[in-house]
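*Asks:* Here you go, one structure.
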Amino acid sequence: MKTTNKILLAILGIVIIGFLVFFYNGSDLFQGLLKFKSEINSPKLIPAKQKFIKLDKLIPEPVPAKPKLGKLLDELVPEPIPEKSKLIKLDELILGPIPQDWINQFNKDFEITFIYKDCIQCSAPYVAFTEEEKLALKNATYRNFYVASKIDSYFKKTLPWTKGKSLYDWFKDSIDGISYFDNPSKYNKCCKDGKTIVINGRNILNHIKDGNDKGWFSPSSSLSFSDSFIVIYIHEARHANSDDVGHEDCDNDGVKGEDQSLQVMGGYGVSTLFNHWMRYMLPEETINETINKYGEESFSYYGYIDRLCTFDKNNKELDQDDQDWIKSVSGYEIKCDKLCM
Ligand SMILES: [Zn+2]
């Protein structure tokens, strides 16, 4: 073989080996590329997505912290506190709206009825209420209980005969309803059918006619909203309580028309106590606003305190025992000055 041929053969050999090496590596590379492409599309990449899902799951965890913070703030700021410290204007309460849901609840808790024939003391002729008068009495009932309950919610201490209950709850536990009779000469009474107080509706309508429902105090009749409405219902409902001791006859006129003392908390006692609470247990601003507008007498003990056997009508003084008791219960003495009639 010629040297030239040998060289050519050697070059050919190198080229062939080169090609073989190239194809061997190239195919590996090709397969490697294919493998890489297939891995991109293959499900093997899914776990990476799951990792993101796990991260997603970690992210929402701080969210419940918001309600927790809200709840904590609610617990720190109990609702009644701002309510009690707020100024209430009695006239706004008396003339303002009554929420419909409050009226609905009242109608579930109490029944308002009108009686003509079977009222307890109806020996005198009676007149039937007109539909308009019935409506006026219904509205006066809502107004009375709404105003009384709202006022009670502002008292610094609960009323002493309710045993820690709100006035509304005490009413609810004491009576089932209010029944109005139409006879101007007869008295209110407790109770019909066990737990229904019987109220002289004509008397209430006359208070409305006199404008005693137009504000806290009516200068023309010298009666407060309490005298015209609230204490009338409280007095009768008190007789429905099992611990009510009833009235006494301490002026010996043959009628049991007085209470033995203030501290027995009879019908006249609770009326006196409600007005005492009005004078001293409401927020200071409310008391001052009312006195500035209507005078001190708008909180008077009216005709209840002089129905107590412990009240000296000549000196206008309650005996020492009742004075000590009222001061221990409320923190305030009863000072007659302008408050006793
Ligand atoms: Zn009575």
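We name chains A, B, ... following the order of the structure tokens; residues begin at 1 in each chain, and ligands are numbered from 1 as shown.
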Which residues in stretch 92-340 of chain A does DSSP call alpha helix (DSSP H)? List them as a PDB file with C-alpha atoms, in the first residue's frame.
*Replies:*
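Result went into result_38.pdb, see below:
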```
ATOM      1  CA  GLU A  92     -86.862  63.154  74.248  1.00  0.00           C
ATOM      2  CA  LEU A  93     -87.592  59.730  75.709  1.00  0.00           C
ATOM      3  CA  ILE A  94     -91.247  60.588  76.298  1.00  0.00           C
ATOM      4  CA  LEU A  95     -91.787  62.144  72.854  1.00  0.00           C
ATOM      5  CA  GLN A 100     -91.364  48.382  66.538  1.00  0.00           C
ATOM      6  CA  ASP A 101     -89.459  45.270  67.663  1.00  0.00           C
ATOM      7  CA  TRP A 102     -89.735  46.517  71.249  1.00  0.00           C
ATOM      8  CA  ILE A 103     -93.532  46.799  70.845  1.00  0.00           C
ATOM      9  CA  ASN A 104     -93.657  43.311  69.295  1.00  0.00           C
ATOM     10  CA  GLN A 105     -91.786  41.888  72.271  1.00  0.00           C
ATOM     11  CA  PHE A 106     -94.036  43.761  74.708  1.00  0.00           C
ATOM     12  CA  ASN A 107     -97.106  42.240  73.035  1.00  0.00           C
ATOM     13  CA  LYS A 108     -95.585  38.780  73.536  1.00  0.00           C
ATOM     14  CA  ASP A 109     -94.849  39.484  77.210  1.00  0.00           C
ATOM     15  CA  GLU A 131    -111.943  52.392  69.278  1.00  0.00           C
ATOM     16  CA  GLU A 132    -109.961  55.624  69.287  1.00  0.00           C
ATOM     17  CA  GLU A 133    -109.748  55.585  73.088  1.00  0.00           C
ATOM     18  CA  LYS A 134    -108.678  51.955  73.084  1.00  0.00           C
ATOM     19  CA  LEU A 135    -105.883  52.834  70.680  1.00  0.00           C
ATOM     20  CA  ALA A 136    -104.871  55.795  72.858  1.00  0.00           C
ATOM     21  CA  LEU A 137    -104.752  53.493  75.908  1.00  0.00           C
ATOM     22  CA  LYS A 138    -102.693  50.904  74.048  1.00  0.00           C
ATOM     23  CA  ASN A 139    -100.207  53.556  72.948  1.00  0.00           C
ATOM     24  CA  ALA A 140    -100.104  55.023  76.462  1.00  0.00           C
ATOM     25  CA  THR A 141     -99.316  51.538  77.780  1.00  0.00           C
ATOM     26  CA  TYR A 142     -96.413  51.065  75.359  1.00  0.00           C
ATOM     27  CA  ARG A 143     -95.167  54.553  76.142  1.00  0.00           C
ATOM     28  CA  ASN A 144     -95.382  54.036  79.890  1.00  0.00           C
ATOM     29  CA  PHE A 145     -93.519  50.726  79.925  1.00  0.00           C
ATOM     30  CA  TYR A 146     -90.959  51.856  77.341  1.00  0.00           C
ATOM     31  CA  VAL A 147     -90.114  55.107  79.161  1.00  0.00           C
ATOM     32  CA  ALA A 148     -90.045  53.356  82.556  1.00  0.00           C
ATOM     33  CA  SER A 149     -87.744  50.603  81.247  1.00  0.00           C
ATOM     34  CA  LYS A 150     -85.382  53.048  79.567  1.00  0.00           C
ATOM     35  CA  ILE A 151     -85.196  55.214  82.691  1.00  0.00           C
ATOM     36  CA  ASP A 152     -84.546  52.076  84.761  1.00  0.00           C
ATOM     37  CA  SER A 153     -81.642  51.139  82.464  1.00  0.00           C
ATOM     38  CA  TYR A 154     -79.933  54.427  83.430  1.00  0.00           C
ATOM     39  CA  LEU A 167     -87.883  46.942  86.039  1.00  0.00           C
ATOM     40  CA  TYR A 168     -89.132  45.375  82.792  1.00  0.00           C
ATOM     41  CA  ASP A 169     -88.196  41.847  83.902  1.00  0.00           C
ATOM     42  CA  TRP A 170     -89.778  42.471  87.290  1.00  0.00           C
ATOM     43  CA  PHE A 171     -93.017  43.551  85.550  1.00  0.00           C
ATOM     44  CA  LYS A 172     -92.802  40.458  83.334  1.00  0.00           C
ATOM     45  CA  ASP A 173     -92.367  38.148  86.319  1.00  0.00           C
ATOM     46  CA  SER A 174     -95.082  39.907  88.328  1.00  0.00           C
ATOM     47  CA  GLY A 201    -108.553  53.703  81.745  1.00  0.00           C
ATOM     48  CA  ARG A 202    -110.702  56.837  82.029  1.00  0.00           C
ATOM     49  CA  ASN A 203    -108.180  58.210  84.516  1.00  0.00           C
ATOM     50  CA  ILE A 204    -105.309  57.501  82.084  1.00  0.00           C
ATOM     51  CA  LEU A 205    -107.257  59.113  79.212  1.00  0.00           C
ATOM     52  CA  ASN A 206    -107.799  62.200  81.382  1.00  0.00           C
ATOM     53  CA  HIS A 207    -104.041  62.425  81.996  1.00  0.00           C
ATOM     54  CA  ILE A 208    -103.544  62.323  78.230  1.00  0.00           C
ATOM     55  CA  LYS A 209    -106.260  64.968  77.740  1.00  0.00           C
ATOM     56  CA  PHE A 225     -94.921  61.531  83.802  1.00  0.00           C
ATOM     57  CA  VAL A 231     -96.096  54.631  89.423  1.00  0.00           C
ATOM     58  CA  ILE A 232     -99.744  53.719  88.785  1.00  0.00           C
ATOM     59  CA  TYR A 233     -98.615  50.517  87.037  1.00  0.00           C
ATOM     60  CA  ILE A 234     -95.765  49.876  89.486  1.00  0.00           C
ATOM     61  CA  HIS A 235     -98.112  50.230  92.475  1.00  0.00           C
ATOM     62  CA  GLU A 236    -100.606  47.647  91.177  1.00  0.00           C
ATOM     63  CA  ALA A 237     -97.962  45.221  89.900  1.00  0.00           C
ATOM     64  CA  ARG A 238     -96.334  45.299  93.343  1.00  0.00           C
ATOM     65  CA  HIS A 239     -99.560  43.889  94.819  1.00  0.00           C
ATOM     66  CA  GLY A 267     -97.727  50.064  96.806  1.00  0.00           C
ATOM     67  CA  TYR A 268     -97.122  53.616  98.081  1.00  0.00           C
ATOM     68  CA  GLY A 269     -93.605  52.764  99.211  1.00  0.00           C
ATOM     69  CA  VAL A 270     -92.482  51.572  95.746  1.00  0.00           C
ATOM     70  CA  SER A 271     -94.048  54.700  94.189  1.00  0.00           C
ATOM     71  CA  THR A 272     -92.047  56.876  96.618  1.00  0.00           C
ATOM     72  CA  LEU A 273     -88.926  54.816  95.923  1.00  0.00           C
ATOM     73  CA  PHE A 274     -89.256  55.128  92.142  1.00  0.00           C
ATOM     74  CA  ASN A 275     -89.404  58.923  92.407  1.00  0.00           C
ATOM     75  CA  HIS A 276     -86.467  58.881  94.873  1.00  0.00           C
ATOM     76  CA  TRP A 277     -84.471  56.858  92.315  1.00  0.00           C
ATOM     77  CA  MET A 278     -85.460  59.399  89.642  1.00  0.00           C
ATOM     78  CA  ARG A 279     -84.100  62.235  91.798  1.00  0.00           C
ATOM     79  CA  TYR A 280     -80.780  60.620  92.793  1.00  0.00           C
ATOM     80  CA  GLU A 284     -76.227  63.896  87.030  1.00  0.00           C
ATOM     81  CA  GLU A 285     -76.673  65.686  83.673  1.00  0.00           C
ATOM     82  CA  THR A 286     -80.195  64.292  83.293  1.00  0.00           C
ATOM     83  CA  ILE A 287     -81.213  65.397  86.793  1.00  0.00           C
ATOM     84  CA  ASN A 288     -79.747  68.886  86.299  1.00  0.00           C
ATOM     85  CA  GLU A 289     -81.287  69.270  82.859  1.00  0.00           C
ATOM     86  CA  THR A 290     -84.718  68.310  84.222  1.00  0.00           C
ATOM     87  CA  ILE A 291     -84.463  70.582  87.284  1.00  0.00           C
ATOM     88  CA  ASN A 292     -83.307  73.524  85.112  1.00  0.00           C
ATOM     89  CA  LYS A 293     -86.278  73.007  82.834  1.00  0.00           C
ATOM     90  CA  TYR A 294     -89.083  72.131  85.255  1.00  0.00           C
ATOM     91  CA  GLN A 320     -85.768  57.994 111.812  1.00  0.00           C
ATOM     92  CA  ASP A 321     -86.021  54.279 111.095  1.00  0.00           C
ATOM     93  CA  ASP A 322     -87.220  54.789 107.509  1.00  0.00           C
ATOM     94  CA  GLN A 323     -84.746  57.658 107.024  1.00  0.00           C
ATOM     95  CA  ASP A 324     -81.875  55.388 108.091  1.00  0.00           C
ATOM     96  CA  TRP A 325     -83.199  52.612 105.858  1.00  0.00           C
ATOM     97  CA  ILE A 326     -83.535  54.735 102.702  1.00  0.00           C
ATOM     98  CA  LYS A 327     -80.063  56.163 103.242  1.00  0.00           C
ATOM     99  CA  SER A 328     -78.569  52.690 103.634  1.00  0.00           C
ATOM    100  CA  VAL A 329     -80.346  51.426 100.514  1.00  0.00           C
ATOM    101  CA  SER A 330     -79.849  54.373  98.174  1.00  0.00           C
TER     102      SER A 330
END
```
*Asks:* Please identify which residues in stretch 75-305 of chain A DSSP calls strand (DSSP E) from the backbone, and express them as a ChimeraX atom specification.
*Replies:* /A:111-115,177-181,189-192,196-200,217-218,223-224
*Asks:* Calculated over only C-alpha atoms and all ligand atoms, which of the candidates A:Met281, A:Ile112, A:Ala240, A:Met341 has the smallest distance to ligand 1?
*Replies:*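 Once distances to ligand 1 are computed over only C-alpha atoms and all ligand atoms, the minimum belongs to A:Ala240.
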*Asks:* Between atom CA of A:Phe155 and atom CA of A:Pro283, measure the distance and give it in Å to one decimal.
*Replies:*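 So the answer is 7.5 Å.
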*Asks:* What is the distance, in Å and to one decimal place, between atom CA of A:Asn200 and atom CA of A:Cys309?
*Replies:*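 Value for the atom CA of A:Asn200-atom CA of A:Cys309 distance: 25.6 Å.
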*Asks:* Find the distance between atom CA of A:Phe311 and atom CA of A:Gly257 and write it in Å to one decimal.
*Replies:*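 Atom-to-atom, atom CA of A:Phe311 to atom CA of A:Gly257, that is 13.7 Å.
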*Asks:* Nearest to ligand 1: which of A:Ile98, A:Ile178, A:Leu262, A:Cys191 is it, counting only C-alpha atoms and all ligand atoms?
*Replies:*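 Comparing A:Ile98, A:Ile178, A:Leu262, A:Cys191 against ligand 1, the winner is A:Cys191.
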*Asks:* Which residue, A:Ser298, A:Ser166, A:Asn241, A:Ser179, has the smallest gap to A:Asp227 when you use only C-alpha atoms?
*Replies:*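 Smallest separation from A:Asp227 among the options: A:Ser298.
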*Asks:* Return the single residue from A:Asp243, A:Asp251, A:Asp259, A:Asp193 that is closest to ligand 1, with distances computed using only C-alpha atoms and all ligand atoms.
*Replies:*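 Of A:Asp243, A:Asp251, A:Asp259, A:Asp193, the one nearest ligand 1 is A:Asp259, counting only C-alpha atoms and all ligand atoms.
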*Asks:* With distances taken over only C-alpha atoms and all ligand atoms, which of A:Tyr332, A:Trp216, A:Tyr304, A:Tyr180 is nearest to ligand 1?
*Replies:* A:Tyr304
*Asks:* Between A:Gly246, A:Gly254, A:Gly331, A:Gly164, which residue has the minimum interatomic distance to ligand 1, considering only C-alpha atoms and all ligand atoms?
*Replies:*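 Closest to ligand 1 of all the choices is A:Gly246.
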